[in-house]
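Notes follow once the structure below has been shown.
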Amino acid sequence: MSPIFTFIVIVLGLLAIANIIVGVANDAINFMNAAWGSRVARYRTILIVASVGILIGTLTSNGMMEVARSGVFYPENFTFSEVMMLFLGMMLGNVILFNIFNTLGLPTSTTVSMVFGLLGAALAVAGYKTYISPEIGIQDISRYVNSGKAMVIISGILSSVIIAFTTGITLMYLSRIIFSFRYAKMIKRLGALWCGISVTGIIYFALFKGLNNSGLIPADFNAFVHEHTFMFLSLLWLAVSFLLWILQLLQVNIMKLTILSGTFALALAFAGNDLVNFIGVPIAGYDSYEIARAAGNENIYMSALAQPATANFTLLIIAGIVMVITLFLSKEARHVAQTELSLSSQNEEQERFNSTLISRGLVRMALIMNKWYTSYVPARIQQAIDKRFEPLPQEERTDASFDLIRAIVNLTSSAVLISIATSLKLPLSTTYVVFMVSMGSSLADRAWGRESAVYRITGVMTVISGWFLTAFVALLISSVFTLILLIGGWVAVILASGIGIYSVVRSFTFRKVQSV
């Protein structure tokens with residue numbers, strides 16, 4: 001076995017650790033912001049709850065590893081050396097991409113970056129093979145790359161953004177009308193049933209999003225639930241509501257319990273489903289190395305990668321520990337999270353984004369629609385609705401970005417939407433859903449006032465445009481790195497690896513200096 005491939009495996013391992021660090025810093029908002037934004041518990045308590053979910057989730061992530069091995073390209077048509085260059089080029093591009101977004105404090109999708117990074121690297125290898133092999137034409141690229149996967153993900157991005165935003169608006173509006181900002185009395189009456197709906201959605205989400213690919217759920221039970229979903233959810237809701245009612249009688253704050261349980265479930269699902277985004281490619285590279293070494297042939301075609309992956313629980317546990325350490329120590333996670341919290345806060349915040357012509361136009365359009373609405377709805381009904389949305393006076397507010405009602409709406413909406421998409425086998429980014437639900441609920445909760453709306457709309461548009469740039473930039477950077485590796489050989493491998501690792505170390509050092 002050539003030493004260069006041993007070197008690549010080592011570099012992939014180092015990049016995997018860096019990928020976990022920068023990836024968790026970006027994705028921590030997906031499962032922590034509801035609890036953090038509502039100040040439901042001390043920050044360390046929230047971290048501990050999320051960490052337990054992460055550690056359990058990592059042990060259930062093996063079923064997702066096939067995505068990195070054969071989900072975007074057809075490995076049986078690539079040789080071992082081509083696959084190793086593909087994996088290294090993708091990882092170098094991915095780590096740099098995550099660092100850029102974390103430095104800017106913008107959330108992005110690690111799933112999209114991985115898939116499009118693999119797609120770009122696979123296109124680069126396929127294009128290179130076409131260039132050096134006269135018998136291979138452009139029309140043959142479809143033999144190497146599963147381009148349909150990219151189109152499915154793009155459609156998932158578009159639909160998830162719209163559906164999540166609409167769901168957040170609708171559920172938050174109804175919840176606030178029912179409970180208002182002074183919700184203590186209504187929670188005593190309806191809290192168990194209302195929180196029961198949330199916990200039911202969270203449990204279903206954890207089981208069939210977080211553990212669906214783990215093999216821990218018996219196939220017969222899984223099939224029964226899918227065949228009798230409505231009955232299963234109804235019975236689960238009644239059982240959970242009864243238990244919460246008992247706890248409420250015992251003076252337990254069931255709203256805080258609901259939010260922490262949702263944080264645990266989202267963290268579990270994140271680790272179980274998204275760990276592949278960080279270590280799936282390095283593990284696939286290591287497996288490729290072992291396959292080629294066992295065969296004693298560096299030119300072997302990698303059809304074995306199309307076979308189901310075998311769990312290496314040692315690597316999964318190590319990855320889980322690195323994720324937990326990152327969660328406790330990363331300042332970038334708070335930086336990224338602050339973007340979402342500032343855009344959804346109920347309180348006056350120092351706005352991070354400027355006003356733009358488009359945002360001002362959208363605000364004017366909203367004001368015109370509101371004027372049309374008020375001209376048709378009776379004044380008595382308007383007054384009744386406005387009373388439910390009347391915020392607490394300044395002296396009664398806490399330093400939380402939003403209250404427990406909105407935190408539960410955010411968690412429940414995200415969990416249920418992702419559960420539905422999972423059951424229908426539709427692609428959905430956790431980052432996109434969580435962020436857009438949060439933006440929709442904050443808009444419905446009248447957190448965007450006349451003065452702040454233009455700035456927050458600009459912020460939302462900035463984040464969304466960054467999502468779409470993720471796919472393009474990931475594809476471009478990965479394809480460029482991979483072409484350089486293919487053309488430059490071992491010299492390019494060493495230089496590109498050195499540049500990639502240096503950029504990561506330099507980025508961490510720079511942030512540390514900046515935070516002093």
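Residues are referred to by chain and number: the chain letter is A, B, ... according to the order shown in the structure tokens, the number counts from 1 in that chain, and ligands are numbered separately from 1 in the order shown.
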Distance query A:Leu483 at most 12 Å, only C-alpha atoms, self and fewer than 5 positions along chain excluded, as a PyMOL selection string
chain A and resi 82+85-90+93+120-129+131+476-478+488-489+492-493+496
If you take only C-alpha atoms and a cut-off of 12 Å, which residues of stretch 413-502 of chain A touch stretch 32-47 of chain A, and what are their nearest atom pairs and distances in Å to one decimal, in chain and number order, as a tab-separated table?
```
residue	atom	partner	partner_atom	distance
A:Ser413	CA	A:Ala34	CA	11.5
A:Ser414	CA	A:Ala34	CA	10.6
A:Thr431	CA	A:Asn33	CA	11.5
A:Val434	CA	A:Asn33	CA	9.1
A:Phe435	CA	A:Asn33	CA	9.6
A:Val437	CA	A:Ala34	CA	11.0
A:Ser438	CA	A:Ala34	CA	8.7
A:Ser441	CA	A:Ala34	CA	11.7
A:Ser442	CA	A:Gly37	CA	11.9
```
**Asked** Please, what distance in Å, to one decimal, runs between atom CA of A:Leu171 and atom CA of A:Ala28?
**Response**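 About the pair atom CA of A:Leu171 and atom CA of A:Ala28: they are 23.8 Å apart.
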